[in-house]
$ cat start.pdb   # PDB, C-alpha atoms
ATOM      1  CA  MET M 290      90.281  94.067  82.025
ATOM      2  CA  SER M 291      91.594  91.620  79.413
ATOM      3  CA  ASN M 292      95.230  91.435  78.383
ATOM      4  CA  ALA M 293      94.462  93.453  75.223
ATOM      5  CA  GLY M 294      95.621  97.022  75.699
ATOM      6  CA  LYS M 295      97.417  96.384  78.996
ATOM      7  CA  VAL M 296     100.875  96.521  77.413
ATOM      8  CA  THR M 297     101.234 100.086  76.262
ATOM      9  CA  SER M 298     103.670 102.865  75.426
ATOM     10  CA  ARG M 299     105.168 105.302  77.896
ATOM     11  CA  SER M 300     103.368 108.269  76.341
ATOM     12  CA  ALA M 301      99.942 106.589  76.331
ATOM     13  CA  LEU M 302     100.464 105.409  79.885
ATOM     14  CA  ALA M 303     101.493 108.896  81.032
ATOM     15  CA  GLU M 304      98.152 110.257  79.788
ATOM     16  CA  LEU M 305      96.223 107.424  81.431
ATOM     17  CA  CYS M 306      97.980 107.958  84.767
ATOM     18  CA  LYS M 307      97.325 111.692  84.594
ATOM     19  CA  ASP M 308      93.614 111.033  83.993
ATOM     20  CA  TYR M 309      93.390 108.478  86.814
ATOM     21  CA  LYS M 310      95.057 110.836  89.279
ATOM     22  CA  GLN M 311      92.827 113.756  88.225
ATOM     23  CA  ASN M 312      89.864 111.497  88.996
ATOM     24  CA  GLY M 313      91.136 110.786  92.507
ATOM     25  CA  LYS M 314      92.560 107.339  91.804
ATOM     26  CA  VAL M 315      95.755 106.125  93.476
ATOM     27  CA  VAL M 316      98.276 104.956  90.871
ATOM     28  CA  VAL M 317     100.766 102.374  92.138
ATOM     29  CA  PHE M 318     103.934 101.697  90.142
ATOM     30  CA  THR M 319     106.500  98.957  90.405
ATOM     31  CA  ASN M 320     109.169  97.627  88.122
ATOM     32  CA  GLY M 321     111.417  94.659  87.565
ATOM     33  CA  CYS M 322     112.864  92.113  85.198
ATOM     34  CA  PHE M 323     110.212  89.418  85.838
ATOM     35  CA  ASP M 324     112.405  86.994  83.890
ATOM     36  CA  ILE M 325     110.773  83.749  85.008
ATOM     37  CA  LEU M 326     107.376  84.492  86.508
ATOM     38  CA  HIS M 327     106.894  82.775  89.878
ATOM     39  CA  VAL M 328     104.667  82.873  92.957
ATOM     40  CA  GLY M 329     106.877  85.495  94.609
ATOM     41  CA  HIS M 330     106.130  87.872  91.739
ATOM     42  CA  ALA M 331     102.394  87.125  91.871
ATOM     43  CA  ARG M 332     102.156  87.706  95.621
ATOM     44  CA  TYR M 333     104.256  90.863  95.441
ATOM     45  CA  LEU M 334     102.121  92.323  92.637
ATOM     46  CA  GLU M 335      98.914  91.506  94.553
ATOM     47  CA  GLN M 336     100.318  93.382  97.571
ATOM     48  CA  ALA M 337     101.245  96.345  95.390
ATOM     49  CA  LYS M 338      97.768  96.478  93.843
ATOM     50  CA  ALA M 339      96.176  96.446  97.304
ATOM     51  CA  LEU M 340      97.834  99.815  98.014
ATOM     52  CA  GLY M 341      95.850 101.677  95.347
ATOM     53  CA  ASP M 342      93.393 101.663  92.486
ATOM     54  CA  VAL M 343      95.603 101.169  89.423
ATOM     55  CA  LEU M 344      98.740  99.012  89.232
ATOM     56  CA  VAL M 345     101.302  99.895  86.559
ATOM     57  CA  VAL M 346     104.299  97.612  86.042
ATOM     58  CA  GLY M 347     107.493  98.692  84.313
ATOM     59  CA  VAL M 348     109.297  95.726  82.750
ATOM     60  CA  ASN M 349     113.014  96.044  82.059
ATOM     61  CA  SER M 350     113.928  95.669  78.387
ATOM     62  CA  ASP M 351     116.156  92.807  77.271
ATOM     63  CA  ARG M 352     119.080  95.211  77.011
ATOM     64  CA  SER M 353     118.634  96.549  80.529
ATOM     65  CA  VAL M 354     118.240  93.029  81.989
ATOM     66  CA  LYS M 355     121.563  92.022  80.382
ATOM     67  CA  ALA M 356     123.204  95.079  81.927
ATOM     68  CA  LEU M 357     121.758  94.270  85.372
ATOM     69  CA  LYS M 358     121.948  90.465  85.440
ATOM     70  CA  GLY M 359     124.648  89.471  82.933
ATOM     71  CA  GLU M 360     124.900  88.225  79.361
ATOM     72  CA  SER M 361     123.002  84.975  80.017
ATOM     73  CA  ARG M 362     119.860  86.874  80.940
ATOM     74  CA  PRO M 363     117.048  87.393  80.268
ATOM     75  CA  VAL M 364     115.799  83.867  79.759
ATOM     76  CA  THR M 365     112.514  85.181  78.360
ATOM     77  CA  SER M 366     112.122  88.050  75.873
ATOM     78  CA  GLU M 367     110.812  91.455  76.949
ATOM     79  CA  ASP M 368     107.620  91.062  74.915
ATOM     80  CA  GLU M 369     106.860  87.687  76.491
ATOM     81  CA  ARG M 370     107.672  88.944  79.998
ATOM     82  CA  ALA M 371     105.404  91.972  79.521
ATOM     83  CA  GLU M 372     102.607  89.762  78.194
ATOM     84  CA  MET M 373     102.858  87.346  81.130
ATOM     85  CA  ILE M 374     102.684  90.210  83.627
ATOM     86  CA  ALA M 375      99.704  91.649  81.728
ATOM     87  CA  HIS M 376      97.853  88.343  82.127
ATOM     88  CA  LEU M 377      97.797  88.775  85.903
ATOM     89  CA  GLY M 378      94.446  90.095  87.080
ATOM     90  CA  CYS M 379      95.954  92.510  89.593
ATOM     91  CA  VAL M 380      97.972  94.307  86.891
ATOM     92  CA  ASP M 381      96.265  97.124  85.018
ATOM     93  CA  TYR M 382      99.056  98.281  82.677
ATOM     94  CA  VAL M 383     102.540  97.242  81.616
ATOM     95  CA  CYS M 384     105.248  99.306  79.954
ATOM     96  CA  ILE M 385     108.676  98.107  78.804
ATOM     97  CA  PHE M 386     111.497 100.514  79.618
ATOM     98  CA  ASP M 387     115.056 100.487  78.326
ATOM     99  CA  GLU M 388     116.898 102.593  80.899
ATOM    100  CA  GLY M 389     118.941 101.036  83.700
ATOM    101  CA  THR M 390     116.602 102.512  86.324
ATOM    102  CA  PRO M 391     112.905 103.450  86.190
ATOM    103  CA  VAL M 392     113.620 107.118  86.974
ATOM    104  CA  GLU M 393     112.492 108.494  83.602
ATOM    105  CA  LEU M 394     109.418 106.253  83.452
ATOM    106  CA  ILE M 395     108.447 107.352  86.958
ATOM    107  CA  ARG M 396     109.001 110.976  85.961
ATOM    108  CA  ALA M 397     106.572 110.464  83.037
ATOM    109  CA  LEU M 398     103.923 108.604  85.069
ATOM    110  CA  ALA M 399     104.138 110.454  88.425
ATOM    111  CA  PRO M 400     102.650 107.574  90.436
ATOM    112  CA  SER M 401     101.183 108.118  93.892
ATOM    113  CA  ILE M 402     103.095 105.101  95.250
ATOM    114  CA  HIS M 403     106.220 103.302  94.035
ATOM    115  CA  THR M 404     106.789  99.811  95.444
ATOM    116  CA  LYS M 405     109.851  97.588  95.559
ATOM    117  CA  GLY M 406     110.541  94.226  97.161
ATOM    118  CA  GLY M 407     112.082  93.797 100.595
ATOM    119  CA  ASP M 408     115.526  93.119  99.163
ATOM    120  CA  TYR M 409     115.787  96.897  98.684
ATOM    121  CA  LEU M 410     115.938  99.857 101.037
ATOM    122  CA  ALA M 411     114.129 103.020  99.958
ATOM    123  CA  SER M 412     117.307 104.993 100.620
ATOM    124  CA  ASP M 413     119.191 102.832  98.076
ATOM    125  CA  LEU M 414     116.721 103.344  95.225
ATOM    126  CA  PRO M 415     117.898 105.865  92.620
ATOM    127  CA  GLU M 416     114.251 106.584  91.803
ATOM    128  CA  ALA M 417     113.141 107.351  95.392
ATOM    129  CA  GLY M 418     114.043 111.042  95.142
ATOM    130  CA  VAL M 419     112.002 111.485  91.968
ATOM    131  CA  VAL M 420     108.984 109.728  93.500
ATOM    132  CA  ILE M 421     109.090 112.045  96.515
ATOM    133  CA  GLU M 422     109.777 115.126  94.357
ATOM    134  CA  LEU M 423     106.596 114.320  92.410
ATOM    135  CA  GLY M 424     104.546 114.046  95.607
ATOM    136  CA  GLY M 425     104.491 110.259  95.872
ATOM    137  CA  ARG M 426     105.823 107.806  98.406
ATOM    138  CA  VAL M 427     107.961 104.652  98.325
ATOM    139  CA  GLU M 428     106.692 101.437  99.900
ATOM    140  CA  ILE M 429     108.964  98.430 100.471
ATOM    141  CA  LEU M 430     106.974  95.181 100.406
ATOM    142  CA  PRO M 431     108.086  91.902 101.984
ATOM    143  CA  LEU M 432     109.695  89.233  99.827
ATOM    144  CA  VAL M 433     108.355  85.698  99.630
ATOM    145  CA  PRO M 434     111.209  83.694 101.182
ATOM    146  CA  GLY M 435     112.969  81.282  98.829
ATOM    147  CA  LYS M 436     111.110  82.468  95.721
ATOM    148  CA  SER M 437     113.250  84.176  93.101
ATOM    149  CA  THR M 438     114.227  83.771  89.472
ATOM    150  CA  SER M 439     117.864  83.310  90.506
ATOM    151  CA  TYR M 440     116.863  80.479  92.859
ATOM    152  CA  ILE M 441     114.814  78.786  90.119
ATOM    153  CA  LEU M 442     117.696  79.030  87.656
ATOM    154  CA  GLN M 443     120.142  77.574  90.212
ATOM    155  CA  LYS M 444     117.741  74.703  90.870
ATOM    156  CA  ILE M 445     117.432  73.970  87.123
ATOM    157  CA  VAL M 446     121.213  73.913  86.718
ATOM    158  CA  THR M 447     121.532  71.289  89.474
ATOM    159  CA  LEU M 448     118.979  68.911  87.909
TER     160      LEU M 448
END

$ encode --input "start.pdb" --output "structure tokens"
Amino acid sequence: MSNAGKVTSRSALAELCKDYKQNGKVVVFTNGCFDILHVGHARYLEQAKALGDVLVVGVNSDRSVKALKGESRPVTSEDERAEMIAHLGCVDYVCIFDEGTPVELIRALAPSIHTKGGDYLASDLPEAGVVIELGGRVEILPLVPGKSTSYILQKIVTL
């Protein structure tokens, strides 16, 4: 699938996910800021895709990134971050969301599996209850050691 049409609205994506699930496909969802795309993101998204048939990525809006990471973030705009994620072959769809957590997006999409990186515990995720309520499961995937946007930004500052 080309990048065209991968970045889509919540409502369009909800219909697509419903159709995929009705046709027996496993929809995997993950979310994040993806501020500076790096190999840790790429490996994580490949692992997430391997769990199912369709990988949907929720990208935090600029406003929600500022709320989560501080006024100096994001470095890259939401449209550019969504486009970069959409260029990855393992990603089927991307949706920007403005809320502080992906709870409402997950409620709309009802994925079979929700993944997060190993810096989280399923019990700490505000969205875990909704995933389970909708019949899905939460999978925590291992992080790539030493690969993070925060680490990259710290390295740039010390140059």

$ closest_atom_pairs --input "start.pdb" --of "segment 329-366 of chain M" --to "segment 372-385 of chain M" --cutoff "10 Å" --atoms "all atoms listed in the file" --output "tab-separated table"
residue	atom	partner	partner_atom	distance
M:His330	CA	M:Ile374	CA	9.1
M:Ala331	CA	M:Leu377	CA	7.7
M:Arg332	CA	M:Cys379	CA	9.9
M:Leu334	CA	M:Cys379	CA	6.9
M:Glu335	CA	M:Cys379	CA	5.9
M:Gln336	CA	M:Cys379	CA	9.1
M:Ala337	CA	M:Cys379	CA	8.7
M:Lys338	CA	M:Cys379	CA	6.1
M:Ala339	CA	M:Cys379	CA	8.7
M:Asp342	CA	M:Asp381	CA	9.2
M:Val343	CA	M:Asp381	CA	6.0
M:Leu344	CA	M:Asp381	CA	5.2
M:Val345	CA	M:Tyr382	CA	4.8
M:Val346	CA	M:Val383	CA	4.8
M:Gly347	CA	M:Cys384	CA	4.9
M:Val348	CA	M:Ile385	CA	4.7
M:Asn349	CA	M:Ile385	CA	5.8
M:Ser350	CA	M:Ile385	CA	5.8
M:Asp351	CA	M:Ile385	CA	9.3
M:Ser366	CA	M:Glu372	CA	9.9

$ closest_residue --input "start.pdb" --among "M:Lys307, M:Arg396, M:Arg299, M:His327" --to "Val420 of chain M" --atoms "only C-alpha atoms"
M:Arg396

$ closest_residue --input "start.pdb" --among "M:Ile395, M:Ile325, M:Val316, M:Val364" --to "Ile421 of chain M" --atoms "all atoms listed in the file"
M:Ile395

$ closest_residue --input "start.pdb" --among "M:Tyr333, M:Asp387, M:Arg370, M:Thr365" --to "Ser298 of chain M" --atoms "all atoms listed in the file"
M:Asp387

$ closest_residue --input "start.pdb" --among "M:Glu416, M:Glu304, M:Glu393, M:Glu367" --to "Val354 of chain M" --atoms "only C-alpha atoms"
M:Glu367

$ axis_aligned_box --input "start.pdb" --around "segment 413-419 of chain M" --padding-each-side "6 Å" --output "AutoDock Vina command-line options"
--center_x 115.6 --center_y 107.2 --center_z 94.9 --size_x 19.2 --size_y 20.7 --size_z 18.3

$ closest_residue --input "start.pdb" --among "M:Gly313, M:Pro415, M:Gly407, M:Gly389" --to "Leu432 of chain M" --atoms "all atoms listed in the file"
M:Gly407

$ atom_distance --input "start.pdb" --atom1 "atom CA of Gly418 of chain M" --atom2 "atom CA of Leu340 of chain M"
19.9 Å

$ closest_residue --input "start.pdb" --among "M:Asn312, M:Thr319, M:Asn292, M:Ser361" --to "Pro400 of chain M" --atoms "only C-alpha atoms"
M:Thr319

$ atom_distance --input "start.pdb" --atom1 "atom CA of Leu357 of chain M" --atom2 "atom CA of Cys322 of chain M"
9.2 Å

$ atom_distance --input "start.pdb" --atom1 "atom CA of His403 of chain M" --atom2 "atom CA of Glu428 of chain M"
6.2 Å

$ residues_around --input "start.pdb" --residues "Asp408 of chain M" --least-positions-apart "4" --cutoff "12 Å" --atoms "only C-alpha atoms" --output "PyMOL selection string"
chain M and resi 404+413-414+429-434+437

$ residues_near_point --input "start.pdb" --point "(96.2, 113.6, 87.8)" --cutoff "12 Å" --atoms "all atoms listed in the file" --output "PyMOL selection string"
chain M and resi 303-316+397-401+423-424
